[in-house]
$ cat input19.cif   # mmCIF, C-alpha atoms
data_run
#
loop_
_atom_site.label_atom_id
_atom_site.label_comp_id
_atom_site.auth_asym_id
_atom_site.auth_seq_id
_atom_site.Cartn_x
_atom_site.Cartn_y
_atom_site.Cartn_z
CA ALA L 1 26.95 -24.42 12.28
CA GLU L 2 29.25 -27.42 11.84
CA GLN L 3 30.26 -27.41 15.51
CA LEU L 4 26.64 -27.12 16.62
CA ALA L 5 25.67 -29.99 14.31
CA GLN L 6 28.37 -32.17 15.87
CA ALA L 7 27.22 -31.26 19.37
CA LEU L 8 23.61 -32.03 18.44
CA SER L 9 24.57 -35.45 17.06
CA GLN L 10 25.94 -36.31 20.50
CA GLN L 11 22.93 -34.89 22.39
CA PRO L 12 19.95 -34.90 20.00
CA LYS L 13 17.48 -34.07 22.78
CA ASN L 14 19.26 -30.86 23.75
CA ALA L 15 16.72 -28.22 22.76
CA GLU L 16 19.09 -25.29 23.32
CA THR L 17 21.72 -26.69 20.95
CA ARG L 18 19.05 -27.48 18.39
CA SER L 19 17.68 -23.96 18.60
CA GLN L 20 21.17 -22.45 18.20
CA LEU L 21 21.87 -24.65 15.16
CA ALA L 22 18.57 -23.66 13.56
CA THR L 23 19.39 -19.98 14.18
CA ALA L 24 22.85 -20.37 12.63
CA LEU L 25 21.43 -22.11 9.56
CA GLN L 26 18.75 -19.44 9.23
CA LYS L 27 21.38 -16.68 9.29
CA LEU L 28 23.28 -18.53 6.56
CA GLY L 29 20.14 -18.51 4.41
CA ARG L 30 19.71 -22.28 4.78
CA ARG L 31 16.15 -21.95 6.04
CA ASP L 32 14.88 -25.32 4.81
CA GLU L 33 17.67 -27.06 6.74
CA ALA L 34 16.84 -24.98 9.79
CA LEU L 35 13.22 -26.09 9.53
CA LYS L 36 14.29 -29.76 9.39
CA VAL L 37 16.42 -29.29 12.50
CA LEU L 38 13.47 -27.83 14.42
CA SER L 39 11.05 -30.46 13.12
CA GLY L 40 13.48 -33.18 14.20
CA GLY L 41 13.56 -31.81 17.71
CA LEU L 42 9.79 -31.62 17.91
CA ALA L 43 9.55 -35.22 16.72
CA LEU L 44 11.69 -36.22 19.73
CA SER L 45 9.72 -34.05 22.15
CA GLU L 46 6.52 -32.22 21.26
CA ASN L 47 6.46 -30.42 24.61
CA THR L 48 9.12 -27.84 23.74
CA PRO L 49 7.55 -24.37 23.46
CA ALA L 50 10.87 -22.68 22.58
CA LEU L 51 11.28 -24.85 19.47
CA LEU L 52 7.64 -24.30 18.52
CA GLN L 53 8.10 -20.52 18.82
CA GLN L 54 11.17 -20.65 16.60
CA ARG L 55 9.39 -22.87 14.09
CA VAL L 56 6.47 -20.43 13.85
CA ARG L 57 8.84 -17.53 13.14
CA LEU L 58 10.67 -19.54 10.49
CA LEU L 59 7.45 -20.66 8.81
CA LEU L 60 6.28 -17.04 8.67
CA GLU L 61 9.58 -16.13 7.01
CA LEU L 62 9.14 -19.01 4.56
CA ARG L 63 5.55 -17.88 3.87
CA GLN L 64 3.98 -21.20 4.81
CA PRO L 65 0.78 -19.93 6.50
CA ASP L 66 -0.99 -23.27 6.97
CA ASP L 67 1.98 -24.87 8.72
CA ALA L 68 2.51 -21.71 10.78
CA ARG L 69 -1.09 -21.82 11.95
CA GLU L 70 -0.90 -25.52 12.87
CA THR L 71 2.31 -24.90 14.80
CA VAL L 72 1.02 -21.87 16.67
CA GLU L 73 -2.09 -23.78 17.70
CA ARG L 74 0.18 -26.45 19.22
CA LEU L 75 2.09 -23.67 20.98
CA LEU L 76 -1.10 -22.17 22.40
CA PHE L 77 -2.12 -25.59 23.73
CA LEU L 78 1.23 -26.04 25.50
CA ALA L 79 1.64 -22.46 26.74
CA PRO L 80 -1.80 -20.82 26.80
CA ASP L 81 -0.82 -18.06 29.24
CA ASP L 82 2.47 -17.08 27.66
CA VAL L 83 2.82 -13.63 26.07
CA THR L 84 4.94 -15.02 23.19
CA SER L 85 2.30 -17.62 22.33
CA HIS L 86 -0.39 -14.99 21.89
CA THR L 87 1.96 -12.54 20.15
CA LEU L 88 2.94 -15.13 17.53
CA ALA L 89 -0.68 -16.25 17.19
CA SER L 90 -1.68 -12.66 16.45
CA VAL L 91 0.99 -12.37 13.75
CA VAL L 92 -0.01 -15.68 12.15
CA PHE L 93 -3.73 -14.88 12.09
CA GLU L 94 -3.10 -11.32 10.86
CA ASN L 95 -0.99 -12.68 8.00
CA ASN L 96 -3.86 -15.01 7.13
CA GLY L 97 -6.35 -12.12 7.09
CA GLU L 98 -8.20 -13.45 10.18
CA LEU L 99 -8.31 -10.09 11.91
CA LEU L 100 -10.80 -10.88 14.67
CA ALA L 101 -8.70 -13.81 15.88
CA ALA L 102 -5.52 -11.76 15.47
CA SER L 103 -7.03 -8.93 17.51
CA ASP L 104 -8.12 -11.31 20.26
CA HIS L 105 -4.63 -12.80 20.60
CA ALA L 106 -2.90 -9.40 20.46
CA GLU L 107 -5.13 -8.14 23.28
CA LYS L 108 -4.37 -11.29 25.29
CA ALA L 109 -0.64 -10.80 24.68
CA VAL L 110 -0.78 -7.26 26.06
CA ALA L 111 -2.87 -8.49 29.00
CA CYS L 112 -0.25 -11.17 29.73
CA ASP L 113 2.58 -8.64 29.73
CA ASP L 114 1.92 -4.98 29.07
CA THR L 115 5.68 -4.29 29.07
CA SER L 116 6.26 -6.48 26.00
CA ALA L 117 7.13 -4.32 23.00
CA ASP L 118 6.46 -7.26 20.66
CA ALA L 119 2.94 -7.65 22.04
CA TRP L 120 2.20 -3.96 21.42
CA ARG L 121 3.73 -4.23 17.93
CA ALA L 122 1.39 -7.09 17.13
CA LEU L 123 -1.58 -5.10 18.41
CA ALA L 124 -0.54 -2.06 16.35
CA GLN L 125 -0.31 -4.14 13.17
CA VAL L 126 -3.78 -5.58 13.67
CA ARG L 127 -5.26 -2.15 14.39
CA ILE L 128 -3.68 -0.79 11.20
CA ARG L 129 -5.28 -3.63 9.21
CA GLN L 130 -8.59 -2.88 10.92
CA GLU L 131 -8.20 0.83 10.05
CA ARG L 132 -8.44 1.74 13.72
CA LEU L 133 -5.60 4.18 13.30
CA SER L 134 -5.81 6.14 16.54
CA GLU L 135 -5.51 2.88 18.50
CA ALA L 136 -2.66 1.78 16.24
CA ALA L 137 -0.83 5.06 16.86
CA HIS L 138 -1.28 4.63 20.63
CA ALA L 139 0.15 1.11 20.44
CA LEU L 140 3.13 2.30 18.37
CA ARG L 141 3.89 5.15 20.77
CA THR L 142 3.86 2.59 23.56
CA VAL L 143 6.39 0.52 21.61
CA LEU L 144 8.66 3.58 21.32
CA THR L 145 8.57 3.93 25.11
CA LEU L 146 9.23 0.25 25.77
CA ASP L 147 11.91 -0.24 23.10
CA PRO L 148 13.66 3.11 22.53
CA ASN L 149 16.71 1.51 20.87
CA ASN L 150 14.79 -0.16 18.04
CA THR L 151 12.52 2.51 16.63
CA SER L 152 12.93 2.59 12.84
CA ASP L 153 10.05 0.26 11.95
CA THR L 154 7.82 1.85 14.57
CA TYR L 155 8.45 5.39 13.35
CA ARG L 156 7.88 4.25 9.77
CA GLN L 157 4.48 2.80 10.63
CA LEU L 158 3.57 5.97 12.51
CA GLY L 159 4.61 7.99 9.47
CA TRP L 160 2.16 6.15 7.23
CA ILE L 161 -0.61 6.71 9.77
CA CYS L 162 0.19 10.44 9.68
CA ILE L 163 -0.04 10.46 5.88
CA ASN L 164 -3.32 8.54 5.99
CA GLU L 165 -4.70 11.18 8.36
CA SER L 166 -3.32 14.06 6.19
CA ARG L 167 -0.92 15.15 8.95
CA ASN L 168 1.86 15.52 6.43
CA GLU L 169 4.23 17.75 8.43
CA ASP L 170 4.03 15.23 11.28
CA ALA L 171 4.76 12.51 8.74
CA ILE L 172 7.97 14.29 7.70
CA VAL L 173 9.10 14.51 11.34
CA THR L 174 8.25 10.85 11.96
CA PHE L 175 9.91 9.45 8.83
CA THR L 176 12.96 11.62 9.55
CA ALA L 177 13.19 9.95 12.97
CA ALA L 178 12.95 6.56 11.25
CA VAL L 179 15.88 7.22 8.91
CA GLU L 180 17.92 8.72 11.74
CA ASN L 181 17.47 5.45 13.65
CA ASN L 182 18.30 3.31 10.59
CA ALA L 183 19.78 5.12 7.61
CA ASN L 184 19.87 1.85 5.62
CA ASP L 185 16.11 1.32 5.62
CA ALA L 186 14.93 2.02 2.07
CA SER L 187 11.26 1.85 3.06
CA SER L 188 11.66 4.72 5.53
CA TRP L 189 13.40 6.88 2.90
CA TYR L 190 10.53 6.07 0.54
CA GLY L 191 8.01 7.23 3.14
CA LEU L 192 10.00 10.40 3.75
CA ALA L 193 10.05 11.12 0.01
CA GLN L 194 6.28 10.62 -0.18
CA ALA L 195 5.67 12.99 2.73
CA HIS L 196 7.91 15.69 1.26
CA GLN L 197 6.24 15.36 -2.14
CA ILE L 198 2.76 15.82 -0.67
CA VAL L 199 3.69 19.15 0.93
CA GLY L 200 5.58 20.33 -2.16
CA ASN L 201 9.16 19.94 -0.91
CA PHE L 202 10.26 18.48 -4.22
CA ALA L 203 14.02 18.87 -3.78
CA GLU L 204 13.88 17.09 -0.41
CA ALA L 205 11.55 14.44 -1.87
CA LEU L 206 13.95 13.78 -4.74
CA ALA L 207 16.92 13.49 -2.38
CA ALA L 208 15.04 11.01 -0.20
CA ILE L 209 13.85 8.81 -3.06
CA ASN L 210 17.34 8.82 -4.58
CA THR L 211 18.65 7.45 -1.28
CA ALA L 212 15.94 4.77 -1.26
CA LEU L 213 16.97 3.68 -4.76
CA LYS L 214 20.66 3.55 -3.80
CA LEU L 215 19.74 1.22 -0.97
CA ARG L 216 17.32 -0.86 -3.07
CA ASN L 217 18.31 -0.66 -6.70
CA GLY L 218 15.52 -1.15 -9.24
CA TRP L 219 12.71 -0.93 -6.65
CA LEU L 220 9.66 -0.38 -8.83
CA ASP L 221 7.56 1.58 -6.33
CA ALA L 222 10.47 3.96 -5.76
CA LEU L 223 11.06 4.38 -9.50
CA VAL L 224 7.41 5.32 -9.98
CA LEU L 225 7.45 7.76 -7.06
CA ARG L 226 10.63 9.36 -8.43
CA GLY L 227 8.87 9.84 -11.78
CA ASN L 228 5.91 11.42 -10.02
CA ILE L 229 8.19 13.81 -8.14
CA LEU L 230 9.91 14.80 -11.39
CA ILE L 231 6.52 15.60 -12.93
CA ALA L 232 5.57 17.73 -9.94
CA GLN L 233 8.88 19.65 -10.01
CA GLY L 234 7.92 21.37 -13.24
CA PRO L 235 8.77 21.63 -16.95
CA ASP L 236 12.55 21.41 -16.50
CA THR L 237 12.28 17.80 -15.28
CA TRP L 238 9.39 16.48 -17.39
CA ASN L 239 11.72 14.82 -19.91
CA ASP L 240 13.53 13.12 -17.03
CA ALA L 241 10.15 11.98 -15.72
CA VAL L 242 9.30 10.40 -19.09
CA SER L 243 12.63 8.54 -19.12
CA GLN L 244 12.21 7.39 -15.51
CA LEU L 245 8.61 6.21 -15.95
CA SER L 246 9.40 4.49 -19.24
CA ASP L 247 12.08 2.46 -17.44
CA ALA L 248 9.62 1.62 -14.68
CA LEU L 249 6.95 0.59 -17.17
CA SER L 250 9.35 -1.78 -18.93
CA LEU L 251 9.73 -3.64 -15.62
CA GLN L 252 5.96 -4.10 -15.16
CA PRO L 253 3.93 -3.22 -18.27
CA GLU L 254 0.61 -4.07 -16.62
CA ARG L 255 1.02 -1.51 -13.84
CA THR L 256 -1.62 1.11 -14.61
CA GLU L 257 -0.39 3.74 -12.14
CA THR L 258 2.89 3.97 -14.04
CA ARG L 259 1.07 4.25 -17.38
CA CYS L 260 -1.13 7.06 -16.12
CA LEU L 261 1.86 9.03 -14.84
CA LEU L 262 3.81 8.48 -18.06
CA SER L 263 0.80 9.52 -20.12
CA MET L 264 0.40 12.71 -18.07
CA ALA L 265 4.10 13.57 -18.42
CA LEU L 266 3.87 13.15 -22.19
CA GLN L 267 0.74 15.32 -22.25
CA ARG L 268 2.56 18.12 -20.45
CA LEU L 269 5.29 17.93 -23.07
CA ASP L 270 2.56 18.22 -25.72
CA ARG L 271 3.36 14.73 -27.03
CA ARG L 272 -0.37 13.92 -27.18
CA ASP L 273 -0.33 11.03 -29.61
CA GLU L 274 2.37 9.25 -27.63
CA SER L 275 0.40 9.88 -24.47
CA LEU L 276 -2.72 8.28 -25.93
CA GLN L 277 -0.70 5.36 -27.29
CA VAL L 278 0.62 4.60 -23.79
CA LEU L 279 -2.99 4.36 -22.56
CA ALA L 280 -4.17 2.30 -25.53
CA ASP L 281 -1.29 -0.16 -25.06
CA GLY L 282 -2.23 -0.48 -21.39
CA LEU L 283 -5.87 -1.18 -22.18
CA ARG L 284 -4.82 -4.03 -24.45
CA ILE L 285 -2.95 -5.54 -21.50
CA VAL L 286 -5.51 -4.67 -18.80
CA PRO L 287 -8.86 -4.09 -20.59
CA GLU L 288 -10.76 -3.50 -17.34
CA ALA L 289 -8.43 -0.76 -16.04
CA SER L 290 -10.81 2.06 -15.11
CA ASP L 291 -8.01 4.53 -14.30
CA LEU L 292 -6.67 4.17 -17.86
CA LEU L 293 -10.15 4.63 -19.31
CA ARG L 294 -10.77 7.75 -17.23
CA LEU L 295 -7.53 9.34 -18.35
CA GLN L 296 -8.09 8.28 -21.95
CA THR L 297 -11.55 9.89 -21.94
CA SER L 298 -10.36 13.18 -20.46
CA SER L 299 -7.36 13.29 -22.83
CA LEU L 300 -9.58 12.75 -25.86
CA LEU L 301 -11.93 15.46 -24.63
CA ASP L 302 -9.01 17.88 -24.29
CA LEU L 303 -8.12 17.15 -27.91
CA GLY L 304 -11.72 17.66 -29.03
CA ARG L 305 -12.03 14.05 -30.19
CA THR L 306 -15.55 13.82 -28.83
CA GLU L 307 -16.72 10.64 -30.54
CA ASN L 308 -13.65 8.70 -29.45
CA ALA L 309 -14.10 10.09 -25.95
CA HIS L 310 -17.73 8.99 -26.01
CA MET L 311 -16.72 5.43 -26.91
CA ALA L 312 -14.13 5.30 -24.12
CA CYS L 313 -16.61 6.76 -21.63
CA ARG L 314 -19.34 4.28 -22.54
CA ARG L 315 -16.87 1.48 -21.98
CA LEU L 316 -16.00 2.96 -18.59
CA SER L 317 -19.66 3.28 -17.61
CA ARG L 318 -20.33 -0.35 -18.51
CA GLN L 319 -17.38 -1.50 -16.40
CA GLN L 320 -18.00 0.85 -13.45
CA PRO L 321 -21.72 1.77 -13.52
CA GLN L 322 -21.66 2.92 -9.88
CA GLU L 323 -18.65 5.20 -10.25
CA GLY L 324 -19.63 8.87 -10.18
CA ILE L 325 -16.60 10.21 -12.03
CA GLY L 326 -17.45 8.08 -15.08
CA TRP L 327 -20.87 9.75 -15.36
CA CYS L 328 -19.22 13.17 -14.94
CA LEU L 329 -16.98 12.39 -17.89
CA LEU L 330 -20.01 11.32 -19.92
CA ALA L 331 -21.64 14.67 -19.06
CA MET L 332 -18.55 16.42 -20.41
CA VAL L 333 -18.91 14.45 -23.64
CA PHE L 334 -22.53 15.61 -23.97
CA GLU L 335 -21.48 19.20 -23.22
CA GLN L 336 -18.97 19.08 -26.08
CA ASN L 337 -21.75 17.74 -28.32
CA LYS L 338 -24.00 20.68 -27.28
CA ARG L 339 -26.51 18.39 -25.56
CA PRO L 340 -26.99 20.01 -22.13
CA GLY L 341 -30.13 18.02 -21.32
CA MET L 342 -28.30 14.71 -21.70
CA ALA L 343 -25.38 16.16 -19.73
CA LEU L 344 -27.70 17.03 -16.83
CA ARG L 345 -29.13 13.49 -16.87
CA ALA L 346 -25.60 12.06 -16.71
CA LEU L 347 -24.75 14.40 -13.84
CA ALA L 348 -27.89 13.35 -11.96
CA ARG L 349 -26.64 9.77 -12.22
CA ALA L 350 -23.18 10.90 -11.05
CA ARG L 351 -24.71 12.57 -7.97
CA ARG L 352 -26.70 9.45 -7.11
CA CYS L 353 -23.56 7.32 -7.34
CA ALA L 354 -21.31 9.80 -5.51
CA PRO L 355 -23.29 12.48 -3.61
CA ALA L 356 -20.09 14.06 -2.26
CA LEU L 357 -18.38 14.43 -5.65
CA PRO L 358 -17.73 18.20 -6.05
CA ASP L 359 -17.29 18.15 -9.83
CA ALA L 360 -20.78 16.70 -10.33
CA TRP L 361 -22.38 19.56 -8.38
CA LEU L 362 -20.17 22.22 -9.98
CA ARG L 363 -21.06 21.14 -13.50
CA THR L 364 -24.71 20.78 -12.54
CA GLY L 365 -24.75 24.35 -11.25
CA TRP L 366 -23.27 25.87 -14.41
CA LEU L 367 -25.49 23.86 -16.73
CA ALA L 368 -28.57 24.71 -14.66
CA LEU L 369 -27.70 28.41 -14.83
CA GLY L 370 -27.33 28.13 -18.57
CA LYS L 371 -30.86 26.74 -18.80
CA GLY L 372 -32.28 29.33 -16.37
CA ASP L 373 -32.94 26.73 -13.66
CA THR L 374 -31.94 28.82 -10.64
CA ARG L 375 -33.43 26.40 -8.10
CA THR L 376 -31.11 23.57 -9.19
CA ALA L 377 -28.19 25.99 -9.42
CA ARG L 378 -28.80 27.16 -5.84
CA GLU L 379 -28.97 23.55 -4.61
CA ALA L 380 -25.65 22.85 -6.34
CA VAL L 381 -24.03 25.88 -4.67
CA THR L 382 -25.37 24.75 -1.28
CA ARG L 383 -23.93 21.28 -1.78
CA LEU L 384 -20.56 22.69 -2.79
#
$ encode --input "input19.cif" --output "structure tokens"
Amino acid sequence: AEQLAQALSQQPKNAETRSQLATALQKLGRRDEALKVLSGGLALSENTPALLQQRVRLLLELRQPDDARETVERLLFLAPDDVTSHTLASVVFENNGELLAASDHAEKAVACDDTSADAWRALAQVRIRQERLSEAAHALRTVLTLDPNNTSDTYRQLGWICINESRNEDAIVTFTAAVENNANDASSWYGLAQAHQIVGNFAEALAAINTALKLRNGWLDALVLRGNILIAQGPDTWNDAVSQLSDALSLQPERTETRCLLSMALQRLDRRDESLQVLADGLRIVPEASDLLRLQTSSLLDLGRTENAHMACRRLSRQQPQEGIGWCLLAMVFEQNKRPGMALRALARARRCAPALPDAWLRTGWLALGKGDTRTAREAVTRL
């Protein structure tokens, strides 16, 4: 970096030297200095696409979206037919949530050069954000063909598409390929653990998440997933799950997913009061957390604390009046209170809010049978 700085002082208009110095500073973690070097070069000559490209990448790394957008627009003006211009524009707009513009530039990048792996990567990322997963998968497979030596990120993205489409065995194969390409990528090990957990390979899932945590110590998402795996493994590891999830919760007390998992682990150990206290503490921190309210209601129902469950359920219904599961829980409250008519009314509301919710139809069928209403019971069976 020092030698490059000296060379640049003698030839300040040399764009190649300036670019190399910026790269060296960036690798040293001196990103603000790198940005000044690039900005200085652009002040001397605005018509330098290579410096603009490098500045866009650096601004994206520095998470300065407005400056990145302004710079990429200058780049597009100078080099409107260049694949890199459109690729970077797609990344900038996608980061800003402007998916239509991002899609347009990604498509133009591929049209400019359909052998550019970066262009296809940009298109895949936009398609993932647009939830057009089959197109994203096609783009990612194209990347694997074009860039077979740099596949870890691509396989990882394909793995998440497989999980989203419930192709969990394919996800295991894909994430395995990702970690084989880069064994130091914690995110790929995390994905592999998730895939193994879904299919019930708990030993493999635990091994994978342990590797992820070795690579990225204290990673909260991985700690929570490890706790979830320990719960799923069975009674022998429930105490370990409580310890793991308690540690995770101390790092981010407002995270409701962690609280729900910890509460469930405590329930399985028959530590009911502690389980309820975890939920109550969470609701003081995040009063609008519907997942905590749902679990609190069902836990209170299991304990036969019907009035407390009713209060929690009413609170849930006020917060989420269009959520079918909340009305199902209210129906369960009425069932415990021996009020089947009110339960059926709550279930009717649940079915209107969520017509495809199986539990609403199942409970409707049983209650209708109990009242001798065979027509409604038959309809419920048909829906199920």
$ residues_near_point --input "input19.cif" --point "(1.2, 2.5, 23.7)" --cutoff "10 Å" --atoms "all atoms listed in the file" --output "list in words"
Asp114, Thr115, Ala117, Trp120, Arg121, Leu123, Ala124, Glu135, Ala136, Ala137, His138, Ala139, Leu140, Arg141, Thr142, Val143, Leu144, Thr145 and Leu146 of chain L
$ residues_near_point --input "input19.cif" --point "(15.5, 17.1, -0.4)" --cutoff "12 Å" --atoms "only C-alpha atoms" --output "PyMOL selection string"
chain L and resi 172+176+189+192-197+200-211+229+233
$ atom_distance --input "input19.cif" --atom1 "atom CA of L:Glu107" --atom2 "atom CA of L:Glu131"
16.3 Å
$ axis_aligned_box --input "input19.cif" --around "stretch 240-244 of chain L" --padding-each-side "3 Å" --output "lines of an AutoDock Vina configuration file"
center_x = 11.4
center_y = 10.3
center_z = -17.3
size_x = 10.2
size_y = 11.7
size_z = 9.6
$ residues_around --input "input19.cif" --residues "L:Leu88" --least-positions-apart "4" --cutoff "8 Å" --atoms "all atoms listed in the file" --output "VMD selection string"
chain L and resid 53 56 to 57 72 84 92
$ write_last_selection --input "input19.cif" --atoms "C-alpha atoms" --output "mmCIF file, in the coordinates of the input"
data_model
loop_
_atom_site.group_PDB
_atom_site.id
_atom_site.type_symbol
_atom_site.label_atom_id
_atom_site.label_comp_id
_atom_site.auth_asym_id
_atom_site.auth_seq_id
_atom_site.Cartn_x
_atom_site.Cartn_y
_atom_site.Cartn_z
ATOM 1 C CA GLN L 53 8.100 -20.520 18.820
ATOM 2 C CA VAL L 56 6.470 -20.430 13.850
ATOM 3 C CA ARG L 57 8.840 -17.530 13.140
ATOM 4 C CA VAL L 72 1.020 -21.870 16.670
ATOM 5 C CA THR L 84 4.940 -15.020 23.190
ATOM 6 C CA VAL L 92 -0.010 -15.680 12.150
#
$ resolve_selection --input "input19.cif" --expression "the PyMOL selection byres ((chain L and resi 241) around 7)" --output "ChimeraX atom specification"
/L:227,230-231,237-240,242-245,265
$ residues_around --input "input19.cif" --residues "stretch 357-361 of chain L" --least-positions-apart "2" --cutoff "12 Å" --atoms "all atoms listed in the file" --output "ChimeraX atom specification"
/L:323-332,343-355,363-368,376-384
$ resolve_selection --input "input19.cif" --expression "the PyMOL selection byres ((chain L and resi 281-289) around 12)" --output "ChimeraX atom specification"
/L:249-250,252-260,262-263,274-280,290-296,312,315-320
$ resolve_selection --input "input19.cif" --expression "the PyMOL selection byres ((chain L and resi 333) around 10)" --output "MDAnalysis selection string"
chainID L and resid 297:298 300:301 304:311 313 327:332 334:340 342:343 346
$ write_last_selection --input "input19.cif" --atoms "C-alpha atoms" --output "PDB file, in the frame of the given file"
ATOM      1  CA  THR L 297     -11.550   9.890 -21.940  1.00  0.00           C
ATOM      2  CA  SER L 298     -10.360  13.180 -20.460  1.00  0.00           C
ATOM      3  CA  LEU L 300      -9.580  12.750 -25.860  1.00  0.00           C
ATOM      4  CA  LEU L 301     -11.930  15.460 -24.630  1.00  0.00           C
ATOM      5  CA  GLY L 304     -11.720  17.660 -29.030  1.00  0.00           C
ATOM      6  CA  ARG L 305     -12.030  14.050 -30.190  1.00  0.00           C
ATOM      7  CA  THR L 306     -15.550  13.820 -28.830  1.00  0.00           C
ATOM      8  CA  GLU L 307     -16.720  10.640 -30.540  1.00  0.00           C
ATOM      9  CA  ASN L 308     -13.650   8.700 -29.450  1.00  0.00           C
ATOM     10  CA  ALA L 309     -14.100  10.090 -25.950  1.00  0.00           C
ATOM     11  CA  HIS L 310     -17.730   8.990 -26.010  1.00  0.00           C
ATOM     12  CA  MET L 311     -16.720   5.430 -26.910  1.00  0.00           C
ATOM     13  CA  CYS L 313     -16.610   6.760 -21.630  1.00  0.00           C
ATOM     14  CA  TRP L 327     -20.870   9.750 -15.360  1.00  0.00           C
ATOM     15  CA  CYS L 328     -19.220  13.170 -14.940  1.00  0.00           C
ATOM     16  CA  LEU L 329     -16.980  12.390 -17.890  1.00  0.00           C
ATOM     17  CA  LEU L 330     -20.010  11.320 -19.920  1.00  0.00           C
ATOM     18  CA  ALA L 331     -21.640  14.670 -19.060  1.00  0.00           C
ATOM     19  CA  MET L 332     -18.550  16.420 -20.410  1.00  0.00           C
ATOM     20  CA  PHE L 334     -22.530  15.610 -23.970  1.00  0.00           C
ATOM     21  CA  GLU L 335     -21.480  19.200 -23.220  1.00  0.00           C
ATOM     22  CA  GLN L 336     -18.970  19.080 -26.080  1.00  0.00           C
ATOM     23  CA  ASN L 337     -21.750  17.740 -28.320  1.00  0.00           C
ATOM     24  CA  LYS L 338     -24.000  20.680 -27.280  1.00  0.00           C
ATOM     25  CA  ARG L 339     -26.510  18.390 -25.560  1.00  0.00           C
ATOM     26  CA  PRO L 340     -26.990  20.010 -22.130  1.00  0.00           C
ATOM     27  CA  MET L 342     -28.300  14.710 -21.700  1.00  0.00           C
ATOM     28  CA  ALA L 343     -25.380  16.160 -19.730  1.00  0.00           C
ATOM     29  CA  ALA L 346     -25.600  12.060 -16.710  1.00  0.00           C
TER      30      ALA L 346
END
$ atom_distance --input "input19.cif" --atom1 "atom CA of L:Ala106" --atom2 "atom CA of L:Ser90"
5.3 Å
$ atom_distance --input "input19.cif" --atom1 "atom CA of L:Leu75" --atom2 "atom CA of L:Gln3"
28.9 Å
$ closest_residue --input "input19.cif" --among "L:Ala111, L:Ile161, L:Val199, L:Ala222" --to "L:Ser187" --atoms "only C-alpha atoms"
L:Ala222
$ closest_residue --input "input19.cif" --among "L:Ala177, L:Leu52, L:Leu133, L:Ala171" --to "L:Pro148" --atoms "all atoms listed in the file"
L:Ala177
$ closest_residue --input "input19.cif" --among "L:Asp221, L:Glu165, L:Asp270, L:Glu70" --to "L:Pro235" --atoms "all atoms listed in the file"
L:Asp270
